[in-house]
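Shown next: run.cif, containing mmCIF, C-alpha atoms.
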```cif
data_entry
#
loop_
_atom_site.label_atom_id
_atom_site.label_comp_id
_atom_site.auth_asym_id
_atom_site.auth_seq_id
_atom_site.Cartn_x
_atom_site.Cartn_y
_atom_site.Cartn_z
CA PHE B 1 75.04 24.61 -102.58
CA LEU B 2 71.32 23.95 -103.06
CA ASP B 3 70.74 23.36 -99.38
CA GLU B 4 72.80 26.37 -98.34
CA PHE B 5 70.74 28.76 -100.43
CA GLY B 6 67.35 27.07 -100.05
CA LEU B 7 67.14 26.03 -103.69
CA GLU B 8 65.48 23.04 -105.31
CA ALA B 9 66.76 21.38 -108.49
CA ILE B 10 63.75 20.51 -110.63
CA GLY B 11 65.29 19.45 -113.94
CA ASN B 12 68.30 19.65 -116.22
CA HIS B 13 69.56 19.38 -119.75
CA GLY B 14 71.67 16.30 -119.42
CA PHE B 15 72.28 12.89 -120.93
CA ILE B 16 69.67 11.01 -122.94
CA PRO B 17 70.72 7.73 -124.60
CA GLY B 18 71.47 8.11 -128.28
CA THR B 19 71.15 4.41 -129.07
CA TRP B 20 67.77 2.75 -129.41
CA PHE B 21 67.22 -0.81 -130.63
CA GLY B 22 63.46 -0.90 -130.18
CA PRO B 23 61.28 -2.39 -127.44
CA ASN B 24 61.48 -5.94 -128.81
CA SER B 25 65.19 -6.06 -129.60
CA ALA B 26 67.07 -9.17 -128.49
CA ASN B 27 69.94 -6.89 -127.46
CA GLY B 28 67.84 -4.68 -125.19
CA THR B 29 66.58 -1.17 -125.85
CA MET B 30 69.94 0.63 -125.76
CA SER B 31 73.67 -0.04 -125.70
CA ASP B 32 75.28 -1.24 -122.47
CA ASN B 33 77.29 1.99 -122.15
CA ASP B 34 74.21 4.16 -122.67
CA TYR B 35 72.22 2.06 -120.21
CA ARG B 36 74.85 2.37 -117.48
CA ARG B 37 75.31 6.09 -118.02
CA PHE B 38 71.55 6.68 -118.10
CA LEU B 39 71.16 4.94 -114.73
CA THR B 40 74.09 6.92 -113.32
CA GLU B 41 72.57 10.23 -114.45
CA LEU B 42 69.23 9.22 -112.95
CA GLU B 43 70.98 8.37 -109.68
CA PHE B 44 72.62 11.81 -109.62
CA ALA B 45 69.23 13.42 -110.27
CA SER B 46 67.67 11.36 -107.49
CA ILE B 47 70.38 12.40 -105.01
CA LEU B 48 69.69 16.04 -105.88
CA GLY B 49 65.98 15.46 -105.36
CA MET B 50 65.05 16.27 -108.97
CA PRO B 51 61.55 15.20 -110.04
CA TYR B 52 62.55 15.50 -113.72
CA MET B 53 65.63 14.88 -115.87
CA GLY B 54 65.74 16.14 -119.42
CA THR B 55 67.56 17.24 -122.49
CA GLY B 56 67.86 20.48 -124.41
CA SER B 57 66.90 18.64 -127.60
CA ASP B 58 63.78 17.37 -129.34
CA PRO B 59 62.58 13.75 -128.92
CA THR B 60 64.39 13.08 -132.20
CA SER B 61 65.93 15.26 -134.89
CA ALA B 62 63.38 17.81 -136.07
CA THR B 63 65.30 18.19 -139.33
CA ASN B 64 63.65 14.90 -140.35
CA ARG B 65 59.93 15.64 -140.43
CA ASN B 66 58.86 12.20 -141.62
CA ILE B 67 56.38 10.38 -139.40
CA GLU B 68 58.46 7.19 -139.11
CA PRO B 69 61.34 8.46 -136.91
CA TRP B 70 58.90 10.36 -134.70
CA THR B 71 56.88 7.19 -134.15
CA ILE B 72 60.06 5.40 -133.08
CA ALA B 73 60.94 8.34 -130.81
CA GLY B 74 57.61 7.95 -129.04
CA GLU B 75 58.43 4.29 -128.31
CA LYS B 76 61.90 5.23 -127.06
CA TRP B 77 60.71 7.95 -124.69
CA GLU B 78 57.96 5.74 -123.28
CA ALA B 79 60.55 3.05 -122.56
CA MET B 80 62.98 5.52 -120.96
CA ASN B 81 60.24 6.97 -118.77
CA THR B 82 59.08 3.53 -117.70
CA LEU B 83 62.63 2.70 -116.59
CA ALA B 84 63.22 6.09 -114.91
CA ILE B 85 59.89 6.12 -113.06
CA GLU B 86 60.09 2.51 -111.88
CA GLN B 87 63.65 2.76 -110.57
CA PHE B 88 63.91 6.40 -109.43
CA GLY B 89 60.48 8.01 -109.57
CA ILE B 90 61.84 10.52 -112.09
CA ARG B 91 60.33 11.52 -115.43
CA VAL B 92 62.53 12.34 -118.41
CA TYR B 93 61.51 15.04 -120.85
CA PRO B 94 62.51 16.52 -124.22
CA HIS B 95 62.75 20.23 -124.99
CA ASN B 96 61.81 22.21 -128.08
CA HIS B 97 63.28 24.74 -130.43
CA SER B 98 61.23 26.15 -133.30
CA PRO B 99 61.63 23.19 -135.73
CA ALA B 100 59.86 20.90 -133.23
CA TYR B 101 56.63 22.73 -134.07
CA SER B 102 57.04 22.51 -137.82
CA PHE B 103 54.67 20.22 -139.71
CA LEU B 104 54.86 16.42 -139.70
CA GLN B 105 55.28 14.78 -143.09
CA ASP B 106 52.74 11.98 -142.76
CA GLY B 107 51.08 11.69 -146.16
CA PRO B 108 51.72 10.46 -149.70
CA LEU B 109 53.87 12.18 -152.29
CA VAL B 110 51.97 15.09 -153.83
CA THR B 111 52.68 17.63 -156.53
CA VAL B 112 52.81 21.26 -155.42
CA THR B 113 52.82 24.42 -157.54
CA GLU B 114 53.03 27.17 -154.90
CA ASP B 115 55.97 28.29 -152.79
CA ARG B 116 55.30 27.25 -149.19
CA LEU B 117 56.26 30.63 -147.73
CA THR B 118 55.08 33.17 -150.29
CA GLY B 119 52.44 31.34 -152.28
CA ALA B 120 54.18 32.39 -155.48
CA PRO B 121 53.96 29.98 -158.45
CA ILE B 122 56.77 27.42 -158.69
CA PRO B 123 57.47 24.60 -161.16
CA GLU B 124 55.66 21.37 -160.33
CA THR B 125 57.50 19.78 -157.42
CA GLN B 126 56.90 16.55 -155.56
CA VAL B 127 56.89 16.63 -151.75
CA ARG B 128 55.42 14.48 -149.04
CA GLY B 129 51.98 15.70 -148.02
CA GLU B 130 51.16 16.84 -144.50
CA SER B 131 48.02 16.57 -142.37
CA GLY B 132 48.73 19.81 -140.47
CA ILE B 133 49.89 18.04 -137.29
CA ARG B 134 53.09 19.46 -135.82
CA LEU B 135 56.00 17.27 -134.76
CA MET B 136 55.70 17.80 -131.02
CA GLU B 137 51.92 17.57 -131.21
CA TYR B 138 52.32 14.14 -132.78
CA TYR B 139 54.75 13.11 -130.04
CA LEU B 140 52.14 14.03 -127.44
CA ASP B 141 49.41 12.21 -129.40
CA ILE B 142 51.25 8.88 -129.58
CA THR B 143 52.83 8.74 -126.11
CA ASP B 144 51.23 7.72 -122.83
CA PRO B 145 50.24 10.91 -120.95
CA ASP B 146 50.94 9.14 -117.66
CA LEU B 147 54.55 8.59 -118.75
CA CYS B 148 55.69 11.28 -121.15
CA GLN B 149 55.82 15.02 -120.51
CA ILE B 150 57.72 17.84 -122.20
CA GLU B 151 59.40 21.11 -121.38
CA MET B 152 58.13 23.92 -123.59
CA ASP B 153 60.50 26.73 -124.46
CA ILE B 154 57.95 29.51 -124.78
CA PHE B 155 60.27 31.78 -126.78
CA TRP B 156 61.01 29.13 -129.40
CA ALA B 157 57.33 28.15 -129.53
CA HIS B 158 56.54 31.74 -130.50
CA VAL B 159 59.33 31.67 -133.07
CA ALA B 160 57.66 28.55 -134.48
CA ARG B 161 54.37 30.46 -134.63
CA HIS B 162 56.18 33.04 -136.77
CA GLN B 163 58.11 30.58 -138.94
CA HIS B 164 55.89 27.55 -139.54
CA ARG B 165 52.56 28.78 -140.83
CA TRP B 166 51.88 26.89 -144.07
CA TYR B 167 51.83 23.24 -144.99
CA TYR B 168 51.08 21.22 -148.11
CA ASN B 169 48.00 19.10 -147.42
CA HIS B 170 47.42 15.59 -148.77
CA ASP B 171 46.16 17.09 -152.02
CA GLY B 172 49.24 19.28 -152.41
CA VAL B 173 47.34 22.48 -151.59
CA ARG B 174 49.22 25.14 -149.63
CA THR B 175 47.25 25.58 -146.39
CA GLU B 176 47.64 28.09 -143.58
CA LYS B 177 47.54 27.04 -139.93
CA VAL B 178 48.79 29.41 -137.22
CA PHE B 179 50.37 27.78 -134.18
CA GLN B 180 48.88 28.77 -130.82
CA PRO B 181 51.31 27.63 -128.06
CA LEU B 182 48.95 28.42 -125.19
CA GLU B 183 46.09 26.47 -126.77
CA LEU B 184 48.33 23.41 -127.05
CA VAL B 185 49.23 23.67 -123.37
CA GLN B 186 45.62 24.21 -122.35
CA SER B 187 44.58 21.05 -124.21
CA GLN B 188 46.72 18.90 -121.87
CA ALA B 189 48.24 21.16 -119.26
CA LEU B 190 49.63 18.45 -116.98
CA ARG B 191 51.99 17.32 -119.71
CA PHE B 192 53.93 20.60 -119.48
CA PRO B 193 55.54 20.55 -116.02
CA LEU B 194 58.43 22.82 -117.00
CA TYR B 195 58.79 25.92 -119.14
CA HIS B 196 61.73 27.91 -120.40
CA ALA B 197 60.62 31.50 -119.90
CA LYS B 198 62.78 33.24 -122.45
CA ASP B 199 61.44 36.64 -123.47
CA GLY B 200 61.35 38.16 -126.93
CA ASP B 201 61.14 41.47 -128.76
CA ARG B 202 59.24 41.23 -132.06
CA THR B 203 61.31 42.11 -135.09
CA ALA B 204 60.19 43.62 -138.38
CA ASP B 205 60.75 40.29 -140.14
CA PRO B 206 57.85 39.35 -142.44
CA VAL B 207 55.93 36.24 -141.38
CA GLY B 208 58.01 33.15 -142.09
CA VAL B 209 61.30 35.05 -142.43
CA GLY B 210 63.97 34.90 -139.73
CA ASN B 211 63.11 34.15 -136.12
CA GLY B 212 60.62 36.97 -135.71
CA TYR B 213 61.94 37.75 -132.19
CA THR B 214 65.18 38.73 -130.53
CA MET B 215 65.99 37.56 -126.99
CA ILE B 216 65.73 40.09 -124.18
CA PRO B 217 65.73 39.91 -120.35
CA PHE B 218 62.50 38.55 -118.96
CA GLY B 219 59.89 41.26 -118.42
CA ASP B 220 61.84 43.85 -120.37
CA PRO B 221 59.49 46.66 -121.53
CA ARG B 222 60.22 45.65 -125.13
CA SER B 223 58.61 42.23 -124.57
CA ASP B 224 56.10 41.09 -127.18
CA ILE B 225 55.31 37.72 -125.54
CA ASP B 226 52.39 37.87 -123.12
CA PHE B 227 53.81 35.74 -120.32
CA ALA B 228 51.22 36.92 -117.82
CA ALA B 229 48.43 35.48 -119.96
CA PHE B 230 50.45 32.37 -120.74
CA LEU B 231 51.53 31.41 -117.23
CA LYS B 232 48.19 32.25 -115.65
CA GLY B 233 46.07 30.79 -118.43
CA HIS B 234 47.51 27.34 -119.01
CA GLY B 235 44.71 25.64 -117.09
CA GLU B 236 44.96 22.69 -114.72
CA ARG B 237 48.00 22.88 -112.53
CA GLY B 238 50.41 20.15 -111.55
CA TYR B 239 54.07 21.03 -111.36
CA HIS B 240 54.43 24.17 -113.46
CA ASN B 241 57.84 25.72 -113.13
CA ALA B 242 59.01 28.55 -115.36
CA ASN B 243 62.77 28.73 -115.63
CA TYR B 244 64.34 31.95 -116.87
CA GLU B 245 66.82 31.51 -119.69
CA GLN B 246 68.53 33.87 -122.12
CA ASP B 247 71.03 32.41 -124.57
CA ASP B 248 72.73 35.71 -125.32
CA ALA B 249 72.99 37.01 -121.74
CA PRO B 250 76.77 36.52 -121.27
CA GLY B 251 78.66 39.72 -121.86
CA GLY B 252 82.09 38.18 -122.45
CA SER B 253 85.25 39.96 -121.38
CA ALA B 254 83.77 43.33 -122.36
CA ASP B 255 80.95 43.02 -119.82
CA PRO B 256 81.42 39.96 -117.60
CA GLY B 257 78.64 40.95 -115.20
CA GLN B 258 75.91 41.24 -117.81
CA SER B 259 74.46 37.76 -117.30
CA LEU B 260 74.14 38.32 -113.54
CA ARG B 261 72.40 41.68 -114.05
CA PHE B 262 70.01 40.19 -116.59
CA SER B 263 69.33 37.27 -114.24
CA ALA B 264 68.52 39.61 -111.34
CA VAL B 265 66.13 41.68 -113.46
CA SER B 266 64.54 38.59 -114.98
CA ALA B 267 64.10 36.81 -111.64
CA ALA B 268 62.38 39.85 -110.14
CA ASN B 269 60.03 40.17 -113.13
CA LEU B 270 59.28 36.45 -113.20
CA ASN B 271 58.52 36.38 -109.48
CA ALA B 272 56.18 39.32 -109.95
CA LEU B 273 53.94 37.11 -112.10
CA ARG B 274 53.42 34.57 -109.34
CA GLY B 275 49.92 34.22 -108.13
#
```

Show me, as structure tokens, the structure contained in the file I just sent.
Amino acid sequence: FLDEFGLEAIGNHGFIPGTWFGPNSANGTMSDNDYRRFLTELEFASILGMPYMGTGSDPTSATNRNIEPWTIAGEKWEAMNTLAIEQFGIRVYPHNHSPAYSFLQDGPLVTVTEDRLTGAPIPETQVRGESGIRLMEYYLDITDPDLCQIEMDIFWAHVARHQHRWYYNHDGVRTEKVFQPLELVQSQALRFPLYHAKDGDRTADPVGVGNGYTMIPFGDPRSDIDFAAFLKGHGERGYHNANYEQDDAPGGSADPGQSLRFSAVSAANLNALRG
């Protein structure tokens, strides 16, 4: 199919081992079943000529914002990339949704007296303090840039900018820090070889409430995400491939052709930004 239509497979959202015993485990880094399946998936990717193989998930669960599991995730993804690169010349990557750019809990327990979202007074509450580093930023900080890269979903990164704006610092003080997705990319552009170019229409949701955007076809006139500035301004170029995606494109039995129409419109608009 790829050859017939002159297409190139550049990545996927496939299998990533769930088990991880650590780099110094006597039993190896992952279960035998996970190891065999991981190699099989890498072989499939190699046959298809894919330079990357990935997942639609974060490096580890973003519902746990503690620094410890994210440190372990960095070790795991370095080990997986070492294996994948040495045996197949393929890099494996994680993906993000908005929680991946929430704030890392990396400090001591502190007492807070303000609501994180509104700043309104609350009874004294103990939480773990935060330095202001975001989860995926920490993953990039602790992993080898020659091994580990990520796929940024630009839509969900902008949702994170809307949702995750305040953190409790190591003194328990509510502190504002606005996420700038493009600035993160520009700081280390070669670590972002793939993007999900999912477009969004800004809602009337107050900052921190809801997603802040609804999904729309790429390049729709309602768009409130400046993809032209993003895709042309990310800096140094390696492989930078923007893949159109829209989770709510299927029209179901009422409109079975909707996803194809949206894809045609989105592909034309995305191609128009090439240059």

Using 10 Å as the limit and counting all atoms listed in the file, can you tabulate each residue of stretch 116-141 of chain B that touches stretch 147-169 of chain B, with its shortest atom-to-atom distance in Å and the two atoms involved, as CSV?
```
residue,atom,partner,partner_atom,distance
B:Arg116,CA,B:Trp166,CA,6.2
B:Leu117,CA,B:Trp166,CA,6.8
B:Thr118,CA,B:Trp166,CA,9.4
B:Gly119,CA,B:Trp166,CA,9.4
B:Val127,CA,B:Tyr168,CA,8.3
B:Arg128,CA,B:Tyr168,CA,8.1
B:Gly129,CA,B:Asn169,CA,5.3
B:Glu130,CA,B:Asn169,CA,4.9
B:Ser131,CA,B:Asn169,CA,5.6
B:Gly132,CA,B:Tyr167,CA,6.5
B:Ile133,CA,B:Tyr167,CA,9.5
B:Arg134,CA,B:His164,CA,9.3
B:Met136,CA,B:Ile150,CA,9.0
B:Tyr139,CA,B:Cys148,CA,9.1
B:Leu140,CA,B:Cys148,CA,7.7
```

Selected residues, C-alpha atoms, written as a short mmCIF file (atom, residue, chain, number, x, y, z; two decimals), in the frame of the given file, please.
```
data_model
loop_
_atom_site.label_atom_id
_atom_site.label_comp_id
_atom_site.auth_asym_id
_atom_site.auth_seq_id
_atom_site.Cartn_x
_atom_site.Cartn_y
_atom_site.Cartn_z
CA ARG B 116 55.30 27.25 -149.19
CA LEU B 117 56.26 30.63 -147.73
CA THR B 118 55.08 33.17 -150.29
CA GLY B 119 52.44 31.34 -152.28
CA VAL B 127 56.89 16.63 -151.75
CA ARG B 128 55.42 14.48 -149.04
CA GLY B 129 51.98 15.70 -148.02
CA GLU B 130 51.16 16.84 -144.50
CA SER B 131 48.02 16.57 -142.37
CA GLY B 132 48.73 19.81 -140.47
CA ILE B 133 49.89 18.04 -137.29
CA ARG B 134 53.09 19.46 -135.82
CA MET B 136 55.70 17.80 -131.02
CA TYR B 139 54.75 13.11 -130.04
CA LEU B 140 52.14 14.03 -127.44
#
```

Take the PyMOL selection byres ((chain B and resi 142) around 10), run it mentally on this structure, and tell me the resulting residues as a PyMOL selection string. chain B and resi 70-71+73-75+78+137-141+143-145+148

Per-axis box centre and lengths in Å around stretch 154-169 of chain B, 4 Å margin per side, axis-aligned, as lines of an AutoDock Vina configuration file:
```
center_x = 54.5
center_y = 26.1
center_z = -136.4
size_x = 21.0
size_y = 21.9
size_z = 31.3
```

Closest pair table for stretch 4-55 of chain B residues within 6 Å of stretch 89-106 of chain B, only C-alpha atoms, as a Markdown table:
```
| residue | atom | partner | partner_atom | distance |
| --- | --- | --- | --- | --- |
| B:Pro51 | CA | B:Ile90 | CA | 5.1 |
| B:Tyr52 | CA | B:Arg91 | CA | 4.9 |
| B:Met53 | CA | B:Val92 | CA | 4.7 |
| B:Gly54 | CA | B:Tyr93 | CA | 4.6 |
| B:Thr55 | CA | B:Pro94 | CA | 5.4 |
```

Between atom CA of B:Asp224 and atom CA of B:Arg202, what is the distance, to one decimal in Å? 5.8 Å

Name the closest residue to B:Leu42 among the candidates B:Ala84, B:Ala242, B:Leu7, B:Ile72; distances are taken between atoms, counting all atoms listed in the file.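 That would be B:Ala84, the residue with the smallest distance to B:Leu42.
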
Tell me which of B:Asn24, B:Thr175, B:Asn269, B:Gln186 sits closest to B:Ala79, counting only C-alpha atoms.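 Of all the options, B:Asn24 lies closest to B:Ala79.
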
List the residues matched by the PyMOL selection byres ((chain B and resi 39) around 12) in the displayed structure as number ranges by chain, ordered by chain and then by residue number. B: 15-17, 30, 32-38, 40-46, 53, 80-81, 83-88, 90, 92

Which of these, B:Gly107, B:Val265, B:Leu260, B:Asn241, has the shortest distance to B:Ala9 once you count all atoms listed in the file? B:Asn241

What separation in Å, quoted to one decimal, exists between atom CA of B:Glu183 and atom CA of B:Lys76?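 Atom-to-atom, atom CA of B:Glu183 and atom CA of B:Lys76 are spaced 26.5 Å apart.
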
Atom CA of B:Arg261 sits from atom CA of B:Pro217 at a separation of 9.3 Å

Nearest to B:Pro59 among B:Leu135, B:Phe21, B:Leu273, B:Asp3, with distances taken over only C-alpha atoms: which residue is it? B:Leu135

Contacts of B:Ser263 at 9 Å (only C-alpha atoms; same-chain gap of 4+ positions) as a list of chain:residue names: B:Pro217, B:Phe218, B:Tyr244, B:Glu245, B:Gln246, B:Ala249, B:Gln258, B:Ser259, B:Ala267, B:Ala268

Please provide as a PyMOL selection string all residues within 12 Å of B:Ala228, with the sequence filter that same-chain residues fewer than 6 positions apart are discarded (counting only C-alpha atoms). chain B and resi 182+197+199+218-219+234+242+269-275

Taking the file above as input, evaluate the PyMOL selection byres ((chain B and resi 212) around 6) and report the hits as a list in words.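 So the PyMOL selection byres ((chain B and resi 212) around 6), applied here, picks out Arg202, Thr203, Asp205, Gly210, Asn211 and Tyr213 of chain B.
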